[in-house]
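Structure below is target_10.txt: compact mmCIF, C-alpha atoms.
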# COMPACT_ATOMS: atom_id res chain seq x y z
CA MET A 1 114.92 136.14 119.24
CA THR A 2 116.48 133.07 117.67
CA PHE A 3 117.48 129.93 119.57
CA ARG A 4 117.80 126.18 119.07
CA PHE A 5 116.96 122.99 120.93
CA LEU A 6 117.57 119.27 120.43
CA HIS A 7 114.93 116.56 120.44
CA ALA A 8 116.11 112.98 121.05
CA ALA A 9 114.39 109.77 122.14
CA ASP A 10 114.86 106.05 122.74
CA ILE A 11 118.50 106.19 123.78
CA HIS A 12 118.33 102.82 125.60
CA LEU A 13 121.57 103.61 127.38
CA ASP A 14 123.97 100.63 127.59
CA SER A 15 121.55 98.37 125.74
CA PRO A 16 123.51 95.61 123.95
CA LEU A 17 123.60 95.38 120.18
CA LEU A 18 121.61 92.26 119.36
CA ASN A 19 122.28 89.12 117.34
CA LEU A 20 125.90 89.89 116.54
CA ALA A 21 127.57 86.56 115.86
CA ARG A 22 130.64 85.92 118.01
CA TYR A 23 133.73 84.86 116.12
CA GLU A 24 137.49 85.10 116.47
CA ASP A 25 138.72 88.71 116.24
CA ALA A 26 135.16 90.07 116.30
CA PRO A 27 135.29 93.73 117.46
CA VAL A 28 133.38 93.14 120.71
CA GLU A 29 134.77 96.06 122.71
CA ALA A 30 134.43 98.54 119.86
CA PHE A 31 130.70 97.81 119.56
CA ARG A 32 129.82 97.30 123.23
CA GLY A 33 129.65 100.98 124.16
CA ALA A 34 127.78 102.16 121.06
CA THR A 35 124.72 103.64 122.83
CA ARG A 36 126.91 105.46 125.34
CA GLN A 37 129.11 106.90 122.58
CA ALA A 38 125.99 108.02 120.67
CA LEU A 39 124.73 109.86 123.77
CA ASN A 40 128.12 111.52 124.10
CA ASN A 41 127.69 112.67 120.48
CA LEU A 42 124.32 114.15 121.45
CA VAL A 43 125.92 116.12 124.27
CA GLN A 44 128.72 117.38 122.03
CA LEU A 45 126.23 118.43 119.35
CA ALA A 46 124.23 120.37 121.94
CA ILE A 47 127.39 122.19 123.04
CA GLU A 48 128.56 122.92 119.49
CA GLU A 49 125.16 124.26 118.40
CA GLU A 50 124.77 126.24 121.64
CA VAL A 51 121.25 124.92 122.17
CA GLN A 52 119.12 126.25 124.99
CA PHE A 53 117.73 122.88 126.00
CA VAL A 54 117.59 119.17 125.15
CA LEU A 55 114.39 117.09 125.10
CA ILE A 56 114.53 113.32 125.75
CA ALA A 57 111.17 111.73 124.90
CA GLY A 58 111.35 108.49 126.88
CA ASP A 59 113.43 105.32 127.14
CA LEU A 60 116.62 107.06 128.17
CA TYR A 61 117.43 103.76 129.88
CA ASP A 62 116.78 100.26 128.57
CA GLY A 63 115.60 99.18 132.02
CA ASP A 64 116.90 99.55 135.53
CA CYS A 65 120.70 99.51 135.90
CA ARG A 66 122.55 96.72 137.65
CA ASP A 67 124.87 99.21 139.32
CA PHE A 68 125.38 102.97 139.60
CA ASN A 69 128.14 103.24 137.00
CA THR A 70 125.72 104.10 134.20
CA PRO A 71 123.68 106.79 136.03
CA ARG A 72 126.93 108.27 137.40
CA TRP A 73 128.27 108.51 133.85
CA LEU A 74 124.98 110.07 132.72
CA ARG A 75 125.16 112.62 135.54
CA ASN A 76 128.60 113.70 134.31
CA LYS A 77 127.16 114.22 130.80
CA MET A 78 124.33 116.32 132.24
CA GLU A 79 126.91 118.37 134.14
CA GLU A 80 128.64 119.08 130.82
CA LEU A 81 125.37 120.43 129.46
CA LYS A 82 124.87 122.52 132.59
CA THR A 83 128.32 124.07 132.13
CA ALA A 84 127.33 124.91 128.54
CA GLY A 85 124.13 126.59 129.76
CA ALA A 86 121.70 123.97 128.41
CA SER A 87 118.70 122.59 130.30
CA VAL A 88 117.45 119.01 129.88
CA PHE A 89 113.85 117.80 130.00
CA ILE A 90 113.19 114.06 130.34
CA ILE A 91 110.11 111.84 130.38
CA GLN A 92 110.09 108.13 131.13
CA GLY A 93 108.84 105.58 128.58
CA ASN A 94 107.84 101.93 128.69
CA HIS A 95 111.43 100.67 129.09
CA ASP A 96 112.33 103.03 131.94
CA ALA A 97 108.88 103.45 133.49
CA GLN A 98 108.78 104.46 137.14
CA SER A 99 107.62 101.01 138.24
CA ARG A 100 110.71 99.41 136.67
CA MET A 101 113.35 101.82 137.95
CA LYS A 102 114.85 101.31 141.41
CA LYS A 103 118.39 102.59 140.90
CA ALA A 104 118.88 104.63 137.74
CA PHE A 105 116.61 107.56 138.55
CA GLY A 106 117.42 107.29 142.26
CA LEU A 107 120.68 109.17 141.76
CA GLN A 108 120.09 112.90 142.01
CA LEU A 109 120.58 114.71 138.71
CA PRO A 110 122.03 118.23 138.33
CA ASP A 111 119.60 121.13 138.69
CA ASN A 112 119.60 121.80 134.93
CA VAL A 113 117.70 118.52 134.45
CA HIS A 114 113.95 118.18 134.94
CA LEU A 115 112.39 114.71 135.12
CA PHE A 116 108.65 115.02 134.52
CA ALA A 117 106.17 113.47 136.91
CA THR A 118 104.43 110.19 136.08
CA ARG A 119 101.28 110.68 138.14
CA GLY A 120 99.93 113.35 135.77
CA PRO A 121 101.00 115.97 133.22
CA GLU A 122 102.93 119.04 134.28
CA THR A 123 104.26 122.19 132.62
CA VAL A 124 107.72 123.70 132.99
CA SER A 125 108.16 127.33 132.00
CA ILE A 126 111.33 128.81 130.51
CA ASP A 127 110.55 132.46 131.12
CA LYS A 128 113.49 134.03 129.28
CA LEU A 129 112.51 132.21 126.09
CA GLN A 130 108.73 132.25 126.65
CA VAL A 131 108.64 128.47 126.18
CA ALA A 132 106.25 126.09 127.93
CA VAL A 133 107.21 122.39 127.96
CA HIS A 134 104.34 120.02 128.78
CA GLY A 135 105.01 116.39 129.63
CA GLN A 136 104.25 113.23 131.56
CA GLY A 137 106.27 110.04 131.98
CA PHE A 138 105.13 106.44 132.24
CA ALA A 139 104.22 105.25 135.74
CA THR A 140 104.12 101.63 134.54
CA ALA A 141 105.61 99.80 131.59
CA SER A 142 102.24 99.33 129.91
CA VAL A 143 100.27 102.55 129.58
CA THR A 144 97.10 101.98 127.55
CA GLU A 145 95.39 105.36 127.88
CA ASP A 146 96.03 108.43 125.73
CA LEU A 147 98.20 110.56 128.02
CA SER A 148 98.10 113.52 125.63
CA ALA A 149 94.35 113.93 126.28
CA GLY A 150 95.17 115.16 129.78
CA TYR A 151 97.89 117.61 128.72
CA PRO A 152 97.04 121.26 129.53
CA ALA A 153 95.86 123.79 126.98
CA SER A 154 98.51 125.78 125.17
CA ARG A 155 99.80 128.92 126.79
CA ARG A 156 98.80 131.91 124.68
CA GLY A 157 101.69 133.90 123.21
CA TRP A 158 104.32 131.29 124.20
CA LEU A 159 106.02 128.51 122.26
CA ASN A 160 104.32 125.32 123.46
CA ILE A 161 106.09 121.96 123.31
CA GLY A 162 104.53 118.58 124.12
CA LEU A 163 106.94 115.89 125.30
CA LEU A 164 105.29 112.48 124.83
CA HIS A 165 106.19 108.78 124.58
CA THR A 166 103.46 107.35 122.38
CA ASN A 167 102.36 105.22 119.48
CA CYS A 168 100.74 107.93 117.39
CA GLY A 169 98.37 106.51 114.81
CA ALA A 170 98.80 102.90 115.96
CA VAL A 171 101.99 102.24 113.98
CA GLU A 172 102.21 98.52 113.20
CA GLY A 173 105.06 96.53 114.69
CA HIS A 174 105.20 98.64 117.87
CA ASP A 175 103.41 98.17 121.17
CA ASN A 176 100.40 100.47 121.28
CA TYR A 177 101.46 102.34 124.42
CA ALA A 178 99.91 105.71 125.31
CA PRO A 179 98.05 105.67 121.96
CA SER A 180 97.39 109.05 120.41
CA THR A 181 96.22 110.43 117.08
CA THR A 182 97.56 113.15 114.82
CA GLU A 183 94.20 114.92 114.99
CA GLY A 184 94.24 114.89 118.79
CA LEU A 185 97.75 116.28 119.00
CA VAL A 186 97.02 119.01 116.47
CA ALA A 187 93.91 120.02 118.42
CA LYS A 188 96.02 120.85 121.50
CA GLY A 189 97.32 123.95 119.76
CA TYR A 190 100.97 123.30 120.57
CA ASP A 191 103.82 124.36 118.28
CA TYR A 192 105.95 121.19 118.52
CA TRP A 193 105.30 117.64 119.66
CA ALA A 194 108.51 115.87 120.67
CA LEU A 195 107.58 112.19 120.41
CA GLY A 196 109.38 108.99 121.35
CA HIS A 197 108.78 105.21 121.14
CA ILE A 198 108.96 104.66 117.35
CA HIS A 199 112.59 104.05 116.46
CA GLN A 200 112.26 105.11 112.83
CA ARG A 201 112.64 108.83 112.09
CA GLN A 202 109.34 110.27 110.96
CA VAL A 203 107.73 113.69 110.57
CA VAL A 204 104.10 112.90 111.36
CA HIS A 205 102.90 116.49 110.79
CA LYS A 206 104.76 119.44 109.31
CA HIS A 207 104.12 123.03 110.49
CA ASP A 208 101.38 124.18 112.88
CA PRO A 209 102.31 121.98 114.64
CA TRP A 210 105.42 119.95 113.98
CA ILE A 211 104.88 116.38 115.19
CA VAL A 212 108.20 114.54 115.07
CA TYR A 213 109.70 111.15 115.89
CA PRO A 214 113.50 111.63 115.74
CA GLY A 215 114.07 107.85 115.88
CA ASN A 216 116.58 106.31 118.26
CA ILE A 217 120.12 107.69 118.38
CA GLN A 218 121.81 104.30 117.86
CA GLY A 219 120.48 101.25 116.04
CA ARG A 220 120.64 98.08 118.16
CA HIS A 221 119.77 95.33 115.66
CA ILE A 222 119.31 94.73 111.95
CA ASN A 223 115.71 96.00 111.96
CA GLU A 224 117.06 99.40 113.05
CA GLU A 225 119.34 99.90 110.07
CA GLY A 226 120.40 103.16 108.47
CA GLN A 227 121.05 106.65 109.81
CA LYS A 228 120.17 107.31 113.45
CA GLY A 229 120.21 110.58 115.36
CA CYS A 230 118.13 113.47 116.69
CA ALA A 231 116.24 116.57 115.56
CA LEU A 232 117.85 120.01 115.71
CA VAL A 233 115.06 122.60 115.94
CA THR A 234 115.47 126.30 115.26
CA VAL A 235 113.03 128.88 116.69
CA GLU A 236 112.80 132.38 115.24
CA ASP A 237 110.54 135.07 116.71
CA GLY A 238 108.52 132.52 118.65
CA ARG A 239 107.90 130.13 115.77
CA ILE A 240 109.54 126.90 114.57
CA SER A 241 111.52 127.85 111.46
CA SER A 242 113.33 124.55 110.75
CA VAL A 243 113.66 120.94 111.90
CA GLU A 244 116.86 119.20 110.78
CA HIS A 245 118.01 115.63 111.28
CA ARG A 246 121.50 115.24 112.74
CA GLU A 247 123.29 111.89 112.77
CA LEU A 248 124.65 110.58 116.08
CA ASP A 249 125.13 106.83 115.58
CA VAL A 250 128.59 105.31 115.90
CA VAL A 251 127.67 101.85 114.56
CA ARG A 252 125.50 101.66 111.47
CA TRP A 253 123.43 98.58 110.75
CA MET A 254 122.90 97.65 107.13
CA ARG A 255 121.90 94.86 104.80
CA CYS A 256 124.46 94.25 102.08
CA HIS A 257 123.17 92.37 99.01
CA VAL A 258 125.89 91.09 96.71
CA ASP A 259 125.07 89.68 93.27
CA ALA A 260 127.58 86.95 92.46
CA SER A 261 126.19 86.28 88.99
CA GLY A 262 128.96 85.36 86.61
CA CYS A 263 131.53 84.56 89.29
CA ALA A 264 133.58 81.61 88.04
CA ASP A 265 134.59 80.38 91.50
CA SER A 266 134.31 81.03 95.22
CA GLY A 267 137.48 83.16 95.20
CA GLU A 268 135.78 85.68 92.93
CA VAL A 269 132.79 85.70 95.29
CA LEU A 270 135.05 86.63 98.21
CA THR A 271 136.54 89.46 96.16
CA ILE A 272 133.25 91.09 95.16
CA VAL A 273 131.91 90.74 98.72
CA GLY A 274 134.93 92.61 100.07
CA ASP A 275 134.53 95.35 97.45
CA ALA A 276 130.82 95.77 98.24
CA ILE A 277 131.49 96.14 101.97
CA ALA A 278 134.29 98.63 101.23
CA ASP A 279 131.77 100.76 99.29
CA SER A 280 129.27 100.56 102.17
CA LEU A 281 131.95 101.53 104.66
CA ALA A 282 132.84 104.59 102.60
CA ARG A 283 129.19 105.70 102.60
CA ALA A 284 129.05 105.31 106.39
CA GLU A 285 131.50 108.24 106.71
CA GLY A 286 133.84 106.70 109.25
CA ARG A 287 131.29 104.82 111.30
CA MET A 288 131.63 101.16 112.15
CA LEU A 289 129.30 98.77 110.33
CA ALA A 290 127.21 95.83 111.53
CA VAL A 291 126.38 94.00 108.32
CA ARG A 292 123.91 91.32 107.37
CA LEU A 293 125.42 89.91 104.20
CA GLN A 294 123.35 88.14 101.58
CA VAL A 295 125.04 86.68 98.50
CA THR A 296 122.71 85.92 95.58
CA GLY A 297 122.88 85.28 91.84
CA SER A 298 123.44 82.46 89.41
CA THR A 299 127.07 81.39 89.61
CA ALA A 300 129.34 78.46 88.84
CA ALA A 301 130.48 78.72 92.47
CA HIS A 302 127.01 77.84 93.77
CA PHE A 303 127.49 74.13 94.43
CA HIS A 304 130.89 74.76 95.96
CA LEU A 305 129.41 77.34 98.35
CA CYS A 306 126.31 75.40 99.36
CA SER A 307 128.07 72.06 99.79
CA HIS A 308 130.27 73.56 102.52
CA PRO A 309 128.34 76.63 103.78
CA ALA A 310 129.99 76.72 107.20
CA HIS A 311 133.45 76.69 105.64
CA TRP A 312 132.70 79.56 103.27
CA GLN A 313 131.00 81.62 105.95
CA GLU A 314 134.18 81.21 107.99
CA GLU A 315 136.25 82.23 104.97
CA LEU A 316 134.13 85.36 104.55
CA LEU A 317 134.57 86.25 108.23
CA HIS A 318 138.35 85.89 108.05
CA ASP A 319 138.49 87.88 104.83
CA ILE A 320 136.47 90.74 106.36
CA VAL A 321 138.56 90.79 109.55
CA ASP A 322 141.82 90.83 107.56
CA ARG A 323 140.65 93.63 105.29
CA PHE A 324 138.66 95.88 107.64
CA ASP A 325 139.89 95.05 111.15
CA ASP A 326 137.38 96.27 113.78
CA ARG A 327 135.45 98.58 111.46
CA VAL A 328 133.04 95.84 110.30
CA TRP A 329 131.17 93.14 112.19
CA LEU A 330 129.32 90.55 110.10
CA GLU A 331 126.06 90.10 111.95
CA LYS A 332 124.91 87.26 109.72
CA VAL A 333 125.94 85.64 106.43
CA GLU A 334 123.30 84.24 104.05
CA LEU A 335 124.47 82.34 100.98
CA ARG A 336 121.49 82.43 98.59
CA THR A 337 123.14 81.77 95.23
CA GLN A 338 121.66 79.66 92.45
CA ALA A 339 123.15 77.01 90.21
CA SER A 340 124.34 78.01 86.76
CA VAL A 341 123.23 74.56 85.54
CA ASP A 342 119.62 73.38 85.21
CA VAL A 343 119.05 70.88 88.00
CA ASP A 344 115.71 69.82 86.49
CA THR A 345 117.54 68.85 83.29
CA LEU A 346 120.02 66.82 85.33
CA ALA A 347 117.12 65.09 87.10
CA ASN A 348 115.83 63.84 83.73
CA ARG A 349 119.08 62.01 82.96
CA ASP A 350 118.72 58.25 82.60
CA ASP A 351 121.35 57.31 85.16
CA SER A 352 121.78 56.89 88.91
CA LEU A 353 122.45 60.60 89.44
CA GLY A 354 119.20 61.55 87.69
CA GLU A 355 117.31 58.99 89.75
CA LEU A 356 118.67 60.37 93.02
CA LEU A 357 117.90 63.95 92.00
CA ARG A 358 114.31 63.00 91.14
CA GLY A 359 114.01 61.40 94.56
CA ILE A 360 115.16 64.58 96.26
CA ARG A 361 112.76 66.64 94.18
CA ASP A 362 109.76 64.45 94.95
CA LEU A 363 110.66 63.55 98.55
CA ASP A 364 107.82 61.11 99.30
CA CYS A 365 108.68 61.06 102.99
CA PHE A 366 108.35 64.84 103.30
CA ASP A 367 105.28 64.92 105.59
CA VAL A 368 106.76 62.43 108.06
CA ALA A 369 110.06 64.29 108.18
CA MET A 370 108.35 67.64 108.75
CA ARG A 371 106.33 66.29 111.68
CA GLU A 372 109.55 65.19 113.35
CA VAL A 373 111.23 68.53 112.70
CA ARG A 374 108.26 70.48 114.06
CA SER A 375 108.24 68.37 117.20
CA ASP A 376 111.95 69.01 117.79
CA LEU A 377 111.57 72.76 117.21
CA ASP A 378 108.62 73.00 119.62
CA GLU A 379 110.67 71.33 122.35
CA MET A 380 113.63 73.67 121.74
CA ARG A 381 111.43 76.80 121.88
CA LYS A 382 110.20 75.82 125.34
CA ILE A 383 113.70 76.08 126.81
CA LEU A 384 115.52 78.61 124.61
CA PRO A 385 115.18 82.37 125.29
CA THR A 386 113.79 84.55 122.52
CA ASP A 387 113.83 88.27 121.80
CA PRO A 388 110.84 89.87 120.02
CA ARG A 389 113.18 92.37 118.38
CA CYS A 390 114.71 89.51 116.39
CA ALA A 391 111.44 87.97 115.29
CA ASP A 392 112.43 87.95 111.64
CA ASP A 393 115.15 85.38 112.38
CA ARG A 394 112.77 82.74 113.71
CA ILE A 395 111.96 79.71 111.58
CA ASP A 396 108.23 79.21 111.09
CA LEU A 397 107.64 75.94 109.26
CA ASP A 398 103.97 76.84 108.82
CA ALA A 399 104.93 79.87 106.72
CA PRO A 400 105.07 78.78 103.04
CA ASN A 401 107.91 81.15 102.11
CA GLN A 402 110.13 80.03 105.01
CA LEU A 403 109.38 76.37 104.39
CA GLU A 404 110.23 76.80 100.71
CA ALA A 405 113.55 78.44 101.64
CA VAL A 406 114.47 75.63 104.05
CA LEU A 407 113.68 72.97 101.46
CA ALA A 408 115.69 74.82 98.82
CA ASP A 409 118.70 74.86 101.16
CA VAL A 410 118.40 71.14 101.84
CA LYS A 411 118.01 70.35 98.16
CA ASP A 412 121.03 72.45 97.20
CA ILE A 413 123.28 70.77 99.75
CA LEU A 414 122.21 67.29 98.68
CA VAL A 415 122.54 68.07 94.96
CA ALA A 416 125.98 69.58 95.49
CA ARG A 417 127.20 66.50 97.33
CA LEU A 418 125.77 64.21 94.64
CA LEU A 419 127.38 66.17 91.82
CA GLN A 420 130.72 66.07 93.60
CA SER A 421 130.54 62.27 93.87
CA GLY A 422 128.99 61.75 90.44
CA GLY A 423 131.35 63.92 88.44
CA PRO A 424 130.72 67.09 86.46
CA PRO A 425 127.32 67.53 84.84

Re-express the file's structure as structure tokens.
Amino acid sequence: MTFRFLHAADIHLDSPLLNLARYEDAPVEAFRGATRQALNNLVQLAIEEEVQFVLIAGDLYDGDCRDFNTPRWLRNKMEELKTAGASVFIIQGNHDAQSRMKKAFGLQLPDNVHLFATRGPETVSIDKLQVAVHGQGFATASVTEDLSAGYPASRRGWLNIGLLHTNCGAVEGHDNYAPSTTEGLVAKGYDYWALGHIHQRQVVHKHDPWIVYPGNIQGRHINEEGQKGCALVTVEDGRISSVEHRELDVVRWMRCHVDASGCADSGEVLTIVGDAIADSLARAEGRMLAVRLQVTGSTAAHFHLCSHPAHWQEELLHDIVDRFDDRVWLEKVELRTQASVDVDTLANRDDSLGELLRGIRDLDCFDVAMREVRSDLDEMRKILPTDPRCADDRIDLDAPNQLEAVLADVKDILVARLLQSGGPP
């Protein structure tokens, strides 16, 4: 007998895409429903591949819903799978743990859907396929014990699947919820472990058993860039014969690095940026893009760009909107070019310009200025909300690399203004 099933995780239904800068003509509506559209793609893939069942390994929701519109929509999708003859097996993760959910899981789901208990592990049997699915959801948002240790022994002669939301192997950068180990999962004697929680696709163990993180189905911020989707698993004669990644994302996050070396002016910079994004869009195969743009390189346009960074960021935004309409959203623009002239040489000139440049380079009042800046930042952090998923965007003035970057920006702006007033070098 041959059949297929889908393994998905971390859908975070209706979760907003984070840190997308708002600007005129930004494609807000096109991006707002990305997670819902990705789930619809999952349902359509299940129907097209005629799978027997779908596994969702936690964090179906991003938290409890404000109203019933989302769970009602989800119920309709589950009804579509029921009509196609597919069952659905769901566990809850840290984001949609039982203690957090008052509405979303309160709406009765169709009878083709099984939501696993959170008080302890249970096993669901699919007799016609001789498949046993073992699973347990999160009762609370912070589960610190290894849930897999309590999962039942494998059923002899059947295909055994473990459905688990976990940090297997203590992956850095992720909360260590329901911690497990590869050795412990292998020892259970299951054929396939359908994991969730880590948003990056990863095959932890290949064959006897397969231990798989499919990643989330839709990236939600720049640290979740690249292809996103689910695992399509084929079973032949009671054994896993293949595990394939299938893309489901509708918005693809990416970092776009553009080297502006040799550009004679800012107009040429705009042109090569547009061409680079056009290439990225072609590789995305029709998907919308959320792009973090970084322009680097030694160029004659450097002082022009850094002396009016806000103006040129605005120019880039308008250029992208005009050329690509709602297919591209610039999440962030970083102008990191370098001067095509030697500023240190200019600083050695025996004139007022050289004297000012030496003053900027030495900056005797640096320590006093930094104390004031730190004080202001500390006060702002007390009142401004933060999101741990965007931690890489925070300014840490105690980090040498970030401090160096901030000082370089300040120096570039000041030098550019001085050169404009002092004439060409």

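Counting all atoms listed in the file and comparing A:His134, A:His7, A:Arg156, A:His95, the residue that lies closest to Tyr213 of chain A is A:His7.
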
With only C-alpha atoms as the atoms that count, which of A:Gly184, A:Pro309, A:Pro152, A:Gly85 lies nearest to Val51 of chain A?
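Of the candidates, the smallest distance to Val51 of chain A is held by A:Gly85.
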
Taking all atoms listed in the file into account, name the residue in A:Arg292, A:His304, A:His174, A:Arg239 that is nearest to Val269 of chain A.
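Closest residue, counting all atoms listed in the file: A:His304.
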
Considering only C-alpha atoms, return as an MDAnalysis selection string whatever protein or nucleic-acid residues lie within 10 Å of Glu334 of chain A, sequence-local ones (same chain, fewer than 5 positions apart) excluded.
chainID A and resid 257 292:296 309 313

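For the choices A:Gln130, A:Gln218, A:Ser242, A:Gln227, the atom-to-atom distance to Leu42 of chain A is smallest for A:Gln218 when using only C-alpha atoms.
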
To one decimal in Å, tell me the separation between atom CA of Leu305 of chain A and atom CA of Ser266 of chain A.
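Taking atom CA of Leu305 of chain A and atom CA of Ser266 of chain A, their separation equals 6.9 Å.
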
Can you report as AutoDock Vina command-line options the centre and edge lengths in Å, to one decimal, of an axis-aligned box around the listed atoms of segment 81-88 of chain A padded with 6 Å on each side?
--center_x 122.9 --center_y 122.8 --center_z 130.5 --size_x 22.9 --size_y 19.6 --size_z 16.2

Could you tell me how far atom CA of Ala276 of chain A lies from atom CA of Glu29 of chain A, in Å and to one decimal?
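Atom CA of Glu29 of chain A lies 24.8 Å from atom CA of Ala276 of chain A.
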
Near-Ser154 of chain A list (12 Å; only C-alpha atoms; drop same-chain fewer than 4 positions) as a PDB file with C-alpha atoms, keeping the file's coordinate frame:
ATOM      1  CA  THR A 123     104.260 122.190 132.620  1.00  0.00           C
ATOM      2  CA  SER A 125     108.160 127.330 132.000  1.00  0.00           C
ATOM      3  CA  VAL A 131     108.640 128.470 126.180  1.00  0.00           C
ATOM      4  CA  ALA A 132     106.250 126.090 127.930  1.00  0.00           C
ATOM      5  CA  VAL A 133     107.210 122.390 127.960  1.00  0.00           C
ATOM      6  CA  HIS A 134     104.340 120.020 128.780  1.00  0.00           C
ATOM      7  CA  TRP A 158     104.320 131.290 124.200  1.00  0.00           C
ATOM      8  CA  LEU A 159     106.020 128.510 122.260  1.00  0.00           C
ATOM      9  CA  ASN A 160     104.320 125.320 123.460  1.00  0.00           C
ATOM     10  CA  ILE A 161     106.090 121.960 123.310  1.00  0.00           C
ATOM     11  CA  GLY A 162     104.530 118.580 124.120  1.00  0.00           C
ATOM     12  CA  LEU A 185      97.750 116.280 119.000  1.00  0.00           C
ATOM     13  CA  VAL A 186      97.020 119.010 116.470  1.00  0.00           C
ATOM     14  CA  ALA A 187      93.910 120.020 118.420  1.00  0.00           C
ATOM     15  CA  LYS A 188      96.020 120.850 121.500  1.00  0.00           C
ATOM     16  CA  GLY A 189      97.320 123.950 119.760  1.00  0.00           C
ATOM     17  CA  TYR A 190     100.970 123.300 120.570  1.00  0.00           C
ATOM     18  CA  ASP A 191     103.820 124.360 118.280  1.00  0.00           C
ATOM     19  CA  TYR A 192     105.950 121.190 118.520  1.00  0.00           C
ATOM     20  CA  TRP A 193     105.300 117.640 119.660  1.00  0.00           C
ATOM     21  CA  PRO A 209     102.310 121.980 114.640  1.00  0.00           C
TER      22      PRO A 209
END

Could you give me, as an mmCIF file with C-alpha atoms, in the frame of the given file, the residues within 12 Å of Arg283 of chain A, counting only C-alpha atoms and dropping anything in the same chain fewer than 6 positions from it?
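Dumped to selection26.cif:
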data_model
loop_
_atom_site.group_PDB
_atom_site.id
_atom_site.type_symbol
_atom_site.label_atom_id
_atom_site.label_comp_id
_atom_site.auth_asym_id
_atom_site.auth_seq_id
_atom_site.Cartn_x
_atom_site.Cartn_y
_atom_site.Cartn_z
ATOM 1 C CA GLY A 226 120.400 103.160 108.470
ATOM 2 C CA GLN A 227 121.050 106.650 109.810
ATOM 3 C CA ARG A 252 125.500 101.660 111.470
ATOM 4 C CA MET A 254 122.900 97.650 107.130
ATOM 5 C CA ALA A 276 130.820 95.770 98.240
ATOM 6 C CA ILE A 277 131.490 96.140 101.970
ATOM 7 C CA LEU A 289 129.300 98.770 110.330
#

N, CA and C atoms are what I want for segment 263-276 of chain A; can you complete it accordingly and write them as a compact mmCIF listing (two decimals), in the frame of the given file?
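Full text of selection05.txt as output:
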# COMPACT_ATOMS: atom_id res chain seq x y z
N CYS A 263 130.28 84.93 88.60
CA CYS A 263 131.53 84.56 89.29
C CYS A 263 131.90 83.12 88.93
N ALA A 264 133.15 82.93 88.50
CA ALA A 264 133.58 81.61 88.04
C ALA A 264 133.88 80.66 89.19
N ASP A 265 134.26 81.24 90.36
CA ASP A 265 134.59 80.38 91.50
C ASP A 265 134.38 81.15 92.79
N SER A 266 134.56 80.44 93.90
CA SER A 266 134.31 81.03 95.22
C SER A 266 135.31 82.15 95.53
N GLY A 267 136.50 82.09 94.98
CA GLY A 267 137.48 83.16 95.20
C GLY A 267 136.98 84.48 94.66
N GLU A 268 136.35 84.46 93.49
CA GLU A 268 135.78 85.68 92.93
C GLU A 268 134.64 86.21 93.80
N VAL A 269 133.88 85.29 94.39
CA VAL A 269 132.79 85.70 95.29
C VAL A 269 133.36 86.46 96.48
N LEU A 270 134.42 85.95 97.09
CA LEU A 270 135.05 86.63 98.21
C LEU A 270 135.51 88.03 97.81
N THR A 271 136.03 88.16 96.62
CA THR A 271 136.54 89.46 96.16
C THR A 271 135.43 90.48 96.02
N ILE A 272 134.32 90.11 95.37
CA ILE A 272 133.25 91.09 95.16
C ILE A 272 132.52 91.42 96.47
N VAL A 273 132.49 90.46 97.40
CA VAL A 273 131.91 90.74 98.72
C VAL A 273 132.74 91.81 99.44
N GLY A 274 134.05 91.64 99.43
CA GLY A 274 134.93 92.61 100.07
C GLY A 274 134.79 94.00 99.45
N ASP A 275 134.67 94.05 98.13
CA ASP A 275 134.53 95.35 97.45
C ASP A 275 133.19 96.01 97.81
N ALA A 276 132.14 95.22 97.90
CA ALA A 276 130.82 95.77 98.24
C ALA A 276 130.81 96.35 99.65
